$ cat model-v2.cif   # mmCIF, C-alpha atoms
data_data
loop_
_atom_site.group_PDB
_atom_site.id
_atom_site.type_symbol
_atom_site.label_atom_id
_atom_site.label_comp_id
_atom_site.auth_asym_id
_atom_site.auth_seq_id
_atom_site.Cartn_x
_atom_site.Cartn_y
_atom_site.Cartn_z
ATOM 1 C CA MET Z 1 0.000 0.000 0.000
ATOM 2 C CA GLY Z 2 2.909 2.338 0.672
ATOM 3 C CA GLY Z 3 4.334 1.693 -2.783
ATOM 4 C CA LEU Z 4 0.916 2.094 -4.417
ATOM 5 C CA LEU Z 5 0.054 5.379 -2.690
ATOM 6 C CA GLY Z 6 3.617 6.607 -3.216
ATOM 7 C CA THR Z 7 3.260 5.996 -6.955
ATOM 8 C CA ILE Z 8 -0.102 7.784 -7.011
ATOM 9 C CA ASN Z 9 1.358 10.804 -5.207
ATOM 10 C CA LEU Z 10 4.389 10.734 -7.490
ATOM 11 C CA LEU Z 11 2.167 10.918 -10.587
ATOM 12 C CA ALA Z 12 0.050 13.676 -9.023
ATOM 13 C CA PHE Z 13 2.991 15.898 -8.060
ATOM 14 C CA THR Z 14 4.726 15.265 -11.373
ATOM 15 C CA ALA Z 15 1.585 16.453 -13.159
ATOM 16 C CA LEU Z 16 1.405 19.454 -10.819
ATOM 17 C CA GLY Z 17 5.042 20.323 -11.562
ATOM 18 C CA MET Z 18 4.433 20.085 -15.297
ATOM 19 C CA LEU Z 19 1.383 22.348 -15.017
ATOM 20 C CA VAL Z 20 3.345 24.918 -13.032
ATOM 21 C CA SER Z 21 6.096 24.734 -15.646
ATOM 22 C CA TYR Z 22 3.528 25.137 -18.414
ATOM 23 C CA TRP Z 23 2.186 28.312 -16.822
ATOM 24 C CA SER Z 24 5.611 29.765 -15.902
ATOM 25 C CA ASN Z 25 7.845 31.840 -18.144
ATOM 26 C CA SER Z 26 11.147 30.608 -16.624
ATOM 27 C CA ASN Z 27 12.611 27.508 -15.020
ATOM 28 C CA ARG Z 28 13.443 29.476 -11.877
ATOM 29 C CA THR Z 29 9.810 30.473 -11.361
ATOM 30 C CA SER Z 30 8.612 26.950 -12.079
ATOM 31 C CA VAL Z 31 10.973 25.297 -9.582
ATOM 32 C CA PHE Z 32 10.267 27.921 -6.910
ATOM 33 C CA LEU Z 33 6.479 27.633 -7.160
ATOM 34 C CA SER Z 34 6.592 23.819 -7.275
ATOM 35 C CA LEU Z 35 8.706 23.652 -4.121
ATOM 36 C CA ILE Z 36 6.471 26.159 -2.328
ATOM 37 C CA ILE Z 37 3.333 24.135 -3.134
ATOM 38 C CA TYR Z 38 5.006 20.910 -2.049
ATOM 39 C CA LEU Z 39 6.234 22.399 1.232
ATOM 40 C CA VAL Z 40 2.796 23.866 1.995
ATOM 41 C CA LEU Z 41 1.261 20.396 1.605
ATOM 42 C CA LEU Z 42 4.118 18.725 3.511
ATOM 43 C CA LEU Z 43 4.052 21.117 6.479
ATOM 44 C CA PRO Z 44 0.818 19.772 8.099
ATOM 45 C CA THR Z 45 2.392 16.293 8.323
ATOM 46 C CA GLN Z 46 4.885 17.729 10.849
ATOM 47 C CA PHE Z 47 2.262 19.295 13.124
ATOM 48 C CA PRO Z 48 1.922 17.852 16.657
ATOM 49 C CA GLY Z 49 -1.127 15.773 17.543
ATOM 50 C CA GLN Z 50 -2.887 18.682 19.276
ATOM 51 C CA ALA Z 51 -3.072 20.603 15.971
ATOM 52 C CA HIS Z 52 -5.141 17.885 14.294
ATOM 53 C CA THR Z 53 -8.319 18.581 16.239
ATOM 54 C CA GLY Z 54 -11.574 20.200 15.188
ATOM 55 C CA ALA Z 55 -12.958 20.770 11.718
ATOM 56 C CA PHE Z 56 -9.846 22.548 10.453
ATOM 57 C CA GLY Z 57 -7.585 19.768 11.751
ATOM 58 C CA ASP Z 58 -9.755 17.158 10.029
ATOM 59 C CA LEU Z 59 -9.575 19.219 6.836
ATOM 60 C CA LEU Z 60 -5.770 19.328 7.011
ATOM 61 C CA GLN Z 61 -5.555 15.583 7.523
ATOM 62 C CA ARG Z 62 -8.293 14.189 5.308
ATOM 63 C CA TRP Z 63 -7.963 16.427 2.246
ATOM 64 C CA ASN Z 64 -4.190 16.849 2.136
ATOM 65 C CA PRO Z 65 -2.853 14.025 -0.098
ATOM 66 C CA LEU Z 66 0.420 13.719 1.823
ATOM 67 C CA GLU Z 67 -1.130 13.822 5.296
ATOM 68 C CA ALA Z 68 -3.977 11.486 4.253
ATOM 69 C CA THR Z 69 -1.402 8.972 2.989
ATOM 70 C CA ASN Z 70 0.542 9.297 6.237
ATOM 71 C CA VAL Z 71 -2.559 8.734 8.394
ATOM 72 C CA PHE Z 72 -3.738 5.830 6.221
ATOM 73 C CA LEU Z 73 -0.443 3.954 6.523
ATOM 74 C CA ALA Z 74 -0.200 4.716 10.258
ATOM 75 C CA TRP Z 75 -3.688 3.382 10.913
ATOM 76 C CA LEU Z 76 -3.127 0.329 8.725
ATOM 77 C CA ILE Z 77 0.354 -0.639 9.976
ATOM 78 C CA VAL Z 78 0.686 0.781 13.492
ATOM 79 C CA ASN Z 79 -2.930 0.643 14.713
ATOM 80 C CA ASN Z 80 -3.753 -2.589 12.854
ATOM 81 C CA ARG Z 81 -6.960 -1.169 11.352
ATOM 82 C CA THR Z 82 -8.741 -2.912 8.496
ATOM 83 C CA LEU Z 83 -8.956 -1.612 4.944
ATOM 84 C CA ASP Z 84 -12.680 -0.976 5.353
ATOM 85 C CA GLU Z 85 -11.953 1.410 8.235
ATOM 86 C CA THR Z 86 -9.143 3.261 6.457
ATOM 87 C CA MET Z 87 -10.350 3.414 2.842
ATOM 88 C CA SER Z 88 -11.750 6.936 3.255
ATOM 89 C CA TRP Z 89 -8.187 8.257 3.727
ATOM 90 C CA ILE Z 90 -7.248 7.152 0.191
ATOM 91 C CA VAL Z 91 -9.742 9.601 -1.305
ATOM 92 C CA ALA Z 92 -7.452 12.654 -1.113
ATOM 93 C CA PRO Z 93 -4.355 11.217 -2.915
ATOM 94 C CA VAL Z 94 -6.451 9.457 -5.585
ATOM 95 C CA ALA Z 95 -8.674 12.501 -6.188
ATOM 96 C CA PHE Z 96 -5.637 14.806 -6.299
ATOM 97 C CA ALA Z 97 -3.948 12.536 -8.866
ATOM 98 C CA ILE Z 98 -7.066 12.362 -11.053
ATOM 99 C CA LEU Z 99 -7.507 16.129 -10.911
ATOM 100 C CA MET Z 100 -3.873 16.940 -11.742
ATOM 101 C CA LEU Z 101 -3.590 14.354 -14.542
ATOM 102 C CA GLY Z 102 -6.970 15.400 -15.945
ATOM 103 C CA VAL Z 103 -5.999 19.075 -16.092
ATOM 104 C CA LEU Z 104 -2.570 18.186 -17.522
ATOM 105 C CA PHE Z 105 -3.775 15.961 -20.367
ATOM 106 C CA LEU Z 106 -7.104 17.620 -21.142
ATOM 107 C CA TYR Z 107 -6.205 21.279 -20.659
ATOM 108 C CA ALA Z 108 -2.479 21.740 -21.065
ATOM 109 C CA GLY Z 109 -1.714 18.733 -23.263
ATOM 110 C CA PRO Z 110 -3.367 19.977 -26.467
ATOM 111 C CA GLY Z 111 -1.508 23.277 -26.178
ATOM 112 C CA LEU Z 112 1.995 21.811 -25.908
ATOM 113 C CA ARG Z 113 4.317 22.188 -28.898
ATOM 114 C CA LEU Z 114 7.915 21.241 -29.555
ATOM 115 C CA ASP Z 115 8.802 24.765 -30.609
ATOM 116 C CA ALA Z 116 9.045 27.774 -28.307
ATOM 117 C CA VAL Z 117 5.776 29.320 -29.516
ATOM 118 C CA ARG Z 118 2.807 28.330 -27.396
ATOM 119 C CA ALA Z 119 -0.287 27.580 -29.399
ATOM 120 C CA ARG Z 120 -3.470 29.385 -28.525
ATOM 121 C CA LEU Z 121 -5.927 27.116 -26.789
ATOM 122 C CA ARG Z 122 -9.240 26.744 -28.522
ATOM 123 C CA PRO Z 123 -12.391 25.644 -26.801
ATOM 124 C CA SER Z 124 -12.991 21.922 -27.264
ATOM 125 C CA TRP Z 125 -16.113 20.033 -26.237
ATOM 126 C CA GLY Z 126 -14.017 16.906 -25.780
ATOM 127 C CA ARG Z 127 -11.718 18.744 -23.407
ATOM 128 C CA VAL Z 128 -14.670 20.120 -21.436
ATOM 129 C CA ALA Z 129 -16.278 16.666 -21.299
ATOM 130 C CA GLY Z 130 -13.027 15.150 -20.057
ATOM 131 C CA LEU Z 131 -12.738 17.725 -17.277
ATOM 132 C CA LEU Z 132 -16.343 17.049 -16.274
ATOM 133 C CA VAL Z 133 -15.627 13.308 -16.135
ATOM 134 C CA ALA Z 134 -12.558 13.952 -13.963
ATOM 135 C CA ALA Z 135 -14.619 16.184 -11.664
ATOM 136 C CA GLY Z 136 -17.293 13.472 -11.435
ATOM 137 C CA LEU Z 137 -14.693 10.863 -10.461
ATOM 138 C CA VAL Z 138 -13.339 13.171 -7.776
ATOM 139 C CA ALA Z 139 -16.861 13.776 -6.433
ATOM 140 C CA ALA Z 140 -17.607 10.033 -6.453
ATOM 141 C CA LEU Z 141 -14.434 9.350 -4.494
ATOM 142 C CA ALA Z 142 -15.167 12.124 -2.020
ATOM 143 C CA ARG Z 143 -18.677 10.902 -1.294
ATOM 144 C CA PRO Z 144 -17.670 7.846 0.829
ATOM 145 C CA ALA Z 145 -15.362 10.034 2.913
ATOM 146 C CA LEU Z 146 -18.300 12.280 3.851
ATOM 147 C CA TRP Z 147 -20.594 9.379 4.710
ATOM 148 C CA ARG Z 148 -20.939 8.413 8.337
ATOM 149 C CA PRO Z 149 -22.494 5.099 9.425
ATOM 150 C CA PRO Z 150 -25.616 5.208 11.599
ATOM 151 C CA ARG Z 151 -25.120 5.045 15.348
ATOM 152 C CA PRO Z 152 -25.937 1.694 16.960
ATOM 153 C CA PRO Z 153 -28.592 1.572 19.680
ATOM 154 C CA THR Z 154 -27.582 2.595 23.177
ATOM 155 C CA PRO Z 155 -26.947 -0.430 25.430
ATOM 156 C CA PRO Z 156 -28.802 -0.684 28.750
ATOM 157 C CA CYS Z 157 -25.597 -0.783 30.833
ATOM 158 C CA ARG Z 158 -24.351 1.945 33.111
ATOM 159 C CA SER Z 159 -20.803 2.270 34.428
ATOM 160 C CA ARG Z 160 -19.641 4.414 37.329
ATOM 161 C CA SER Z 161 -16.552 4.731 39.537
ATOM 162 C CA THR Z 162 -16.318 4.875 43.317
ATOM 163 C CA LYS Z 163 -14.126 8.007 43.144
ATOM 164 C CA GLU Z 164 -14.777 11.394 41.576
ATOM 165 C CA TRP Z 165 -11.375 12.961 42.197
ATOM 166 C CA ALA Z 166 -8.010 12.140 43.734
ATOM 167 C CA THR Z 167 -4.791 13.982 44.482
ATOM 168 C CA SER Z 168 -1.450 12.244 44.826
ATOM 169 C CA ARG Z 169 2.272 12.592 44.343
ATOM 170 C CA THR Z 170 4.420 10.912 41.745
ATOM 171 C CA GLY Z 171 5.171 7.354 42.754
ATOM 172 C CA ASP Z 172 1.902 6.787 44.656
ATOM 173 C CA VAL Z 173 -0.672 4.106 43.828
ATOM 174 C CA ILE Z 174 -4.361 4.999 43.391
ATOM 175 C CA GLU Z 175 -6.929 2.233 43.910
ATOM 176 C CA PHE Z 176 -10.586 2.443 42.941
ATOM 177 C CA THR Z 177 -13.534 0.269 41.952
ATOM 178 C CA THR Z 178 -15.960 0.486 39.041
ATOM 179 C CA ARG Z 179 -19.490 -0.898 39.017
ATOM 180 C CA VAL Z 180 -21.286 -1.912 35.817
ATOM 181 C CA THR Z 181 -25.057 -2.330 36.158
ATOM 182 C CA ASN Z 182 -27.469 -3.850 33.647
ATOM 183 C CA ASN Z 183 -30.537 -1.604 33.704
ATOM 184 C CA GLY Z 184 -32.246 -3.453 30.880
ATOM 185 C CA ALA Z 185 -34.793 -6.229 30.890
ATOM 186 C CA GLU Z 186 -32.572 -8.776 29.126
ATOM 187 C CA SER Z 187 -29.148 -10.224 29.739
ATOM 188 C CA THR Z 188 -26.154 -8.473 28.224
ATOM 189 C CA PRO Z 189 -23.599 -10.129 25.944
ATOM 190 C CA ARG Z 190 -20.014 -10.679 26.999
ATOM 191 C CA MET Z 191 -18.349 -7.310 27.627
ATOM 192 C CA ILE Z 192 -14.878 -5.768 27.974
ATOM 193 C CA VAL Z 193 -14.053 -3.037 30.492
ATOM 194 C CA ALA Z 194 -11.095 -0.867 29.432
ATOM 195 C CA MET Z 195 -9.261 1.850 31.342
ATOM 196 C CA ASN Z 196 -8.439 5.166 29.680
ATOM 197 C CA ILE Z 197 -6.316 8.044 30.967
ATOM 198 C CA ILE Z 198 -6.315 11.475 29.354
ATOM 199 C CA ASN Z 199 -3.758 14.180 30.037
ATOM 200 C CA LEU Z 200 -5.817 17.373 30.212
ATOM 201 C CA THR Z 201 -2.985 19.303 28.550
ATOM 202 C CA GLY Z 202 -3.357 17.142 25.434
ATOM 203 C CA GLU Z 203 -0.154 15.125 25.786
ATOM 204 C CA VAL Z 204 -0.203 11.407 25.036
ATOM 205 C CA VAL Z 205 -0.393 9.018 28.019
ATOM 206 C CA ASP Z 206 1.257 5.591 27.792
ATOM 207 C CA LEU Z 207 -1.109 3.294 29.697
ATOM 208 C CA GLU Z 208 1.503 0.538 30.005
ATOM 209 C CA ASP Z 209 3.420 2.710 32.469
ATOM 210 C CA TRP Z 210 0.376 3.726 34.482
ATOM 211 C CA SER Z 211 -1.478 0.514 35.189
ATOM 212 C CA PRO Z 212 -0.579 -3.189 35.175
ATOM 213 C CA GLN Z 213 -4.099 -4.114 34.023
ATOM 214 C CA ARG Z 214 -5.797 -2.001 31.370
ATOM 215 C CA THR Z 215 -8.688 -4.298 30.397
ATOM 216 C CA GLN Z 216 -10.895 -6.821 32.201
ATOM 217 C CA VAL Z 217 -13.371 -9.296 30.739
ATOM 218 C CA MET Z 218 -16.911 -9.274 32.110
ATOM 219 C CA GLU Z 219 -19.290 -12.167 31.641
ATOM 220 C CA PRO Z 220 -22.932 -11.526 30.641
ATOM 221 C CA LEU Z 221 -25.024 -9.715 33.237
ATOM 222 C CA ALA Z 222 -28.609 -10.613 33.997
ATOM 223 C CA ALA Z 223 -31.247 -7.900 34.262
ATOM 224 C CA GLY Z 224 -30.521 -5.706 37.265
ATOM 225 C CA GLN Z 225 -27.206 -7.430 38.015
ATOM 226 C CA THR Z 226 -24.075 -5.442 38.934
ATOM 227 C CA ALA Z 227 -20.426 -6.392 38.492
ATOM 228 C CA GLU Z 228 -17.472 -4.741 40.259
ATOM 229 C CA HIS Z 229 -13.877 -4.432 39.051
ATOM 230 C CA SER Z 230 -10.861 -3.218 40.998
ATOM 231 C CA TRP Z 231 -8.195 -1.056 39.367
ATOM 232 C CA THR Z 232 -4.852 0.456 40.304
ATOM 233 C CA VAL Z 233 -3.139 3.475 38.770
ATOM 234 C CA ASN Z 234 0.555 4.254 39.284
ATOM 235 C CA THR Z 235 1.095 8.009 39.210
ATOM 236 C CA ILE Z 236 4.435 8.355 37.447
ATOM 237 C CA ILE Z 237 4.323 11.825 35.888
ATOM 238 C CA LYS Z 238 3.062 15.069 37.391
ATOM 239 C CA GLY Z 239 0.083 16.713 35.735
ATOM 240 C CA ASP Z 240 -3.687 16.954 35.492
ATOM 241 C CA TYR Z 241 -5.456 13.794 34.283
ATOM 242 C CA MET Z 242 -8.888 12.302 33.730
ATOM 243 C CA VAL Z 243 -9.321 8.570 34.347
ATOM 244 C CA TYR Z 244 -12.440 6.836 33.021
ATOM 245 C CA MET Z 245 -13.612 3.375 32.012
ATOM 246 C CA VAL Z 246 -15.232 2.229 28.778
ATOM 247 C CA VAL Z 247 -17.544 -0.801 28.590
ATOM 248 C CA ALA Z 248 -17.860 -2.369 25.132
ATOM 249 C CA SER Z 249 -20.215 -5.289 24.527
ATOM 250 C CA GLU Z 250 -19.273 -8.047 22.110
ATOM 251 C CA PRO Z 251 -21.012 -7.541 18.708
ATOM 252 C CA SER Z 252 -23.430 -10.200 17.537
ATOM 253 C CA GLY Z 253 -21.488 -10.877 14.333
ATOM 254 C CA ALA Z 254 -18.764 -9.802 11.924
ATOM 255 C CA GLU Z 255 -21.050 -7.232 10.269
ATOM 256 C CA ALA Z 256 -22.480 -5.831 13.517
ATOM 257 C CA THR Z 257 -21.199 -3.296 16.010
ATOM 258 C CA SER Z 258 -21.977 -2.000 19.491
ATOM 259 C CA LEU Z 259 -21.946 1.344 21.257
ATOM 260 C CA PRO Z 260 -19.402 1.581 24.114
ATOM 261 C CA VAL Z 261 -20.498 3.137 27.407
ATOM 262 C CA ALA Z 262 -18.171 5.480 29.315
ATOM 263 C CA SER Z 263 -18.171 5.874 33.069
ATOM 264 C CA SER Z 264 -17.927 9.116 34.980
ATOM 265 C CA GLY Z 265 -14.391 10.471 35.069
ATOM 266 C CA ILE Z 266 -11.966 10.573 37.986
ATOM 267 C CA HIS Z 267 -10.102 13.876 38.094
ATOM 268 C CA LEU Z 268 -6.557 12.927 39.075
ATOM 269 C CA THR Z 269 -4.076 15.625 40.091
ATOM 270 C CA VAL Z 270 -0.472 14.438 40.425
ATOM 271 C CA ALA Z 271 2.087 16.644 42.170
ATOM 272 C CA PRO Z 272 5.846 16.096 41.783
ATOM 273 C CA PHE Z 273 7.607 14.282 44.614
ATOM 274 C CA THR Z 274 11.198 13.068 44.803
ATOM 275 C CA ARG Z 275 12.137 10.352 47.250
ATOM 276 C CA ILE Z 276 15.692 10.195 48.586
ATOM 277 C CA ASN Z 277 15.430 6.435 49.022
ATOM 278 C CA PRO Z 278 12.741 5.140 46.613
ATOM 279 C CA GLY Z 279 12.143 1.452 47.122
ATOM 280 C CA GLY Z 280 15.167 1.069 49.422
ATOM 281 C CA VAL Z 281 17.561 1.626 46.512
ATOM 282 C CA LEU Z 282 19.735 4.215 48.303
ATOM 283 C CA PRO Z 283 22.044 1.692 50.072
ATOM 284 C CA LEU Z 284 22.631 -0.101 46.802
ATOM 285 C CA ALA Z 285 23.155 3.097 44.810
ATOM 286 C CA ALA Z 286 25.602 4.501 47.364
ATOM 287 C CA GLY Z 287 27.192 1.247 48.544
ATOM 288 C CA LEU Z 288 28.046 -0.151 45.122
ATOM 289 C CA PRO Z 289 30.402 2.660 44.014
ATOM 290 C CA LEU Z 290 31.850 2.924 47.538
ATOM 291 C CA GLY Z 291 32.516 -0.830 47.632
ATOM 292 C CA LEU Z 292 34.133 -0.761 44.179
ATOM 293 C CA THR Z 293 36.274 2.181 45.252
ATOM 294 C CA ALA Z 294 37.382 0.329 48.420
ATOM 295 C CA LEU Z 295 38.135 -2.817 46.421
ATOM 296 C CA THR Z 296 40.199 -0.837 43.915
ATOM 297 C CA GLY Z 297 42.130 0.854 46.746
ATOM 298 C CA PHE Z 298 42.804 -2.492 48.395
ATOM 299 C CA ILE Z 299 44.130 -3.981 45.149
ATOM 300 C CA ARG Z 300 46.366 -0.958 44.583
ATOM 301 C CA PHE Z 301 47.641 -1.222 48.186
ATOM 302 C CA ARG Z 302 48.513 -4.912 47.781
ATOM 303 C CA ARG Z 303 50.215 -4.226 44.476
ATOM 304 C CA ARG Z 304 52.326 -1.379 45.865
ATOM 305 C CA ARG Z 305 53.249 -3.519 48.857
ATOM 306 C CA ALA Z 306 54.336 -6.339 46.581
ATOM 307 C CA ILE Z 307 56.397 -3.954 44.442
ATOM 308 C CA THR Z 308 58.035 -2.480 47.538
ATOM 309 C CA ALA Z 309 58.876 -5.955 48.908
ATOM 310 C CA GLY Z 310 60.384 -7.003 45.585
ATOM 311 C CA ALA Z 311 62.489 -3.871 45.417
ATOM 312 C CA GLY Z 312 63.797 -4.485 48.955
ATOM 313 C CA GLU Z 313 64.827 -8.017 48.145
ATOM 314 C CA GLY Z 314 66.605 -6.834 45.000
#

$ encode --input "model-v2.cif" --output "structure tokens"
Amino acid sequence: MGGLLGTINLLAFTALGMLVSYWSNSNRTSVFLSLIIYLVLLLPTQFPGQAHTGAFGDLLQRWNPLEATNVFLAWLIVNNRTLDETMSWIVAPVAFAILMLGVLFLYAGPGLRLDAVRARLRPSWGRVAGLLVAAGLVAALARPALWRPPRPPTPPCRSRSTKEWATSRTGDVIEFTTRVTNNGAESTPRMIVAMNIINLTGEVVDLEDWSPQRTQVMEPLAAGQTAEHSWTVNTIIKGDYMVYMVVASEPSGAEATSLPVASSGIHLTVAPFTRINPGGVLPLAAGLPLGLTALTGFIRFRRRRAITAGAGEG
């Protein structure tokens, strides 16, 4: 997929460069404008994650051919998403390639000559029809990207935590319990309870460092039944966080889905704290270099004594 999308982008930007060259009166202007356009499209791919939020952030990602290719490959390779989930990100590079190649061959192509004199373009119904076909293909490709699937029905479960807020210092352990209740009249399917932690400044939180258990399996609940789960959070980095749980029921089939339920959040405030002897490591940290130093001094003393004794005998 990387090679395929790379080839599509290569064709699109080659066509764009040829169009810029066609409309420029010097090579210097052509190269300058081509590089500027390429850098403008490349710049959003270097933005931090916080910049890709909201409608404008979605516009930068989804309709920029370079950024859409980057997101598509990241979702497919890193996040292990399926092609059905990521196909909408291919729209931008494919549509951009069709548009650039269509304009190049249908608009600029008939006006190209081998001599230095540029022929005057005459209106052509075939050229207009070709541009309309290219525009229709772009619109057809863009339509799936704008479509959103219908929301599944809301499940009858409710999830809540025993804490609403907590303050701690780095290195502490926070323990809490969540309760999932089936408020419906029928039994629930098998469900998964997953922990999520959000840094309220927008930075990414690595859950592997914060909790030894991020998910727990919950068997089906009868009507009115409640299940409890215990959780621990290791506060390793200072900051302002929101901890919440998500309950997702198992879909009924490969072509079905479910609507996850989120619990109320736990506002977690972590203050910095430095221990002089965390985990009893101070004796080891101080004793090891001191012991090595003493051992080295003892070896040097024995060696000097042996040298001195040998010199006296000589």

$ resolve_selection --input "model-v2.cif" --expression "the PyMOL selection byres ((chain Z and resi 174) around 12)" --output "list in words"
Thr162, Lys163, Trp165, Ala166, Thr167, Ser168, Arg169, Thr170, Gly171, Asp172, Val173, Glu175, Phe176, Thr177, Trp210, Ser211, Ser230, Trp231, Thr232, Val233, Asn234, Thr235, Ile236, Val243, Ile266, His267, Leu268, Thr269 and Val270 of chain Z

$ closest_residue --input "model-v2.cif" --among "Z:Leu106, Z:Leu4, Z:Val246, Z:Ala68" --to "Val217 of chain Z" --atoms "all atoms listed in the file"
Z:Val246

$ closest_residue --input "model-v2.cif" --among "Z:Met218, Z:Val103, Z:Ala256, Z:Ala271" --to "Leu19 of chain Z" --atoms "all atoms listed in the file"
Z:Val103

$ resolve_selection --input "model-v2.cif" --expression "the PyMOL selection byres ((chain Z and resi 104) around 12)" --output "PyMOL selection string"
chain Z and resi 11-23+97-103+105-112+127+130-131+134

$ residues_around --input "model-v2.cif" --residues "Arg62 of chain Z" --least-positions-apart "5" --cutoff "8 Å" --atoms "all atoms listed in the file" --output "list in words"
Glu67, Ala68, Trp89 and Ala92 of chain Z

$ resolve_selection --input "model-v2.cif" --expression "the PyMOL selection byres ((chain Z and resi 94) around 10)" --output "PyMOL selection string"
chain Z and resi 5+8-9+12+65+69+89-93+95-99+137-138+141-142

$ atom_distance --input "model-v2.cif" --atom1 "atom CA of Gly310 of chain Z" --atom2 "atom CA of Gly291 of chain Z"
28.6 Å

$ closest_residue --input "model-v2.cif" --among "Z:Ser24, Z:Ala74, Z:Leu221, Z:Ile36" --to "Gly2 of chain Z" --atoms "only C-alpha atoms"
Z:Ala74

$ atom_distance --input "model-v2.cif" --atom1 "atom CA of Asn182 of chain Z" --atom2 "atom CA of Gly224 of chain Z"
5.1 Å

$ atom_distance --input "model-v2.cif" --atom1 "atom CA of Phe32 of chain Z" --atom2 "atom CA of Thr7 of chain Z"
23.0 Å

$ axis_aligned_box --input "model-v2.cif" --around "segment 36-47 of chain Z" --padding-each-side "5 Å" --output "AutoDock Vina command-line options"
--center_x 3.6 --center_y 21.2 --center_z 5.0 --size_x 15.7 --size_y 19.9 --size_z 26.3

$ residues_around --input "model-v2.cif" --residues "Ile197 of chain Z" --least-positions-apart "3" --cutoff "7 Å" --atoms "only C-alpha atoms" --output "JSON list (two decimals) with C-alpha atoms, in the coordinates of the input"
[["chain", "number", "residue", "atom", "x", "y", "z"],
["Z", 205, "VAL", "CA", -0.39, 9.02, 28.02],
["Z", 241, "TYR", "CA", -5.46, 13.79, 34.28],
["Z", 242, "MET", "CA", -8.89, 12.30, 33.73],
["Z", 243, "VAL", "CA", -9.32, 8.57, 34.35],
["Z", 244, "TYR", "CA", -12.44, 6.84, 33.02]]

$ build_atoms --input "model-v2.cif" --residues "segment 180-191 of chain Z" --atoms "N, CA and C atoms" --output "JSON list (two decimals), in the frame of the given file"
[["chain", "number", "residue", "atom", "x", "y", "z"],
["Z", 180, "VAL", "N", -20.52, -1.87, 37.06],
["Z", 180, "VAL", "CA", -21.29, -1.91, 35.82],
["Z", 180, "VAL", "C", -22.63, -2.56, 36.12],
["Z", 181, "THR", "N", -23.71, -1.86, 35.84],
["Z", 181, "THR", "CA", -25.06, -2.33, 36.16],
["Z", 181, "THR", "C", -25.86, -2.50, 34.88],
["Z", 182, "ASN", "N", -26.58, -3.60, 34.76],
["Z", 182, "ASN", "CA", -27.47, -3.85, 33.65],
["Z", 182, "ASN", "C", -28.85, -3.33, 34.01],
["Z", 183, "ASN", "N", -29.23, -2.20, 33.43],
["Z", 183, "ASN", "CA", -30.54, -1.60, 33.70],
["Z", 183, "ASN", "C", -31.62, -2.08, 32.76],
["Z", 184, "GLY", "N", -31.27, -2.97, 31.84],
["Z", 184, "GLY", "CA", -32.25, -3.45, 30.88],
["Z", 184, "GLY", "C", -33.04, -4.63, 31.40],
["Z", 185, "ALA", "N", -33.93, -5.10, 30.53],
["Z", 185, "ALA", "CA", -34.79, -6.23, 30.89],
["Z", 185, "ALA", "C", -34.22, -7.56, 30.42],
["Z", 186, "GLU", "N", -33.16, -7.54, 29.63],
["Z", 186, "GLU", "CA", -32.57, -8.78, 29.13],
["Z", 186, "GLU", "C", -31.11, -8.84, 29.53],
["Z", 187, "SER", "N", -30.55, -10.03, 29.42],
["Z", 187, "SER", "CA", -29.15, -10.22, 29.74],
["Z", 187, "SER", "C", -28.27, -9.55, 28.70],
["Z", 188, "THR", "N", -27.11, -9.11, 29.14],
["Z", 188, "THR", "CA", -26.15, -8.47, 28.22],
["Z", 188, "THR", "C", -25.24, -9.53, 27.61],
["Z", 189, "PRO", "N", -24.62, -9.22, 26.46],
["Z", 189, "PRO", "CA", -23.60, -10.13, 25.94],
["Z", 189, "PRO", "C", -22.31, -10.00, 26.74],
["Z", 190, "ARG", "N", -21.33, -10.77, 26.37],
["Z", 190, "ARG", "CA", -20.01, -10.68, 27.00],
["Z", 190, "ARG", "C", -19.43, -9.29, 26.72],
["Z", 191, "MET", "N", -18.81, -8.68, 27.75],
["Z", 191, "MET", "CA", -18.35, -7.31, 27.63],
["Z", 191, "MET", "C", -16.89, -7.18, 28.07]]
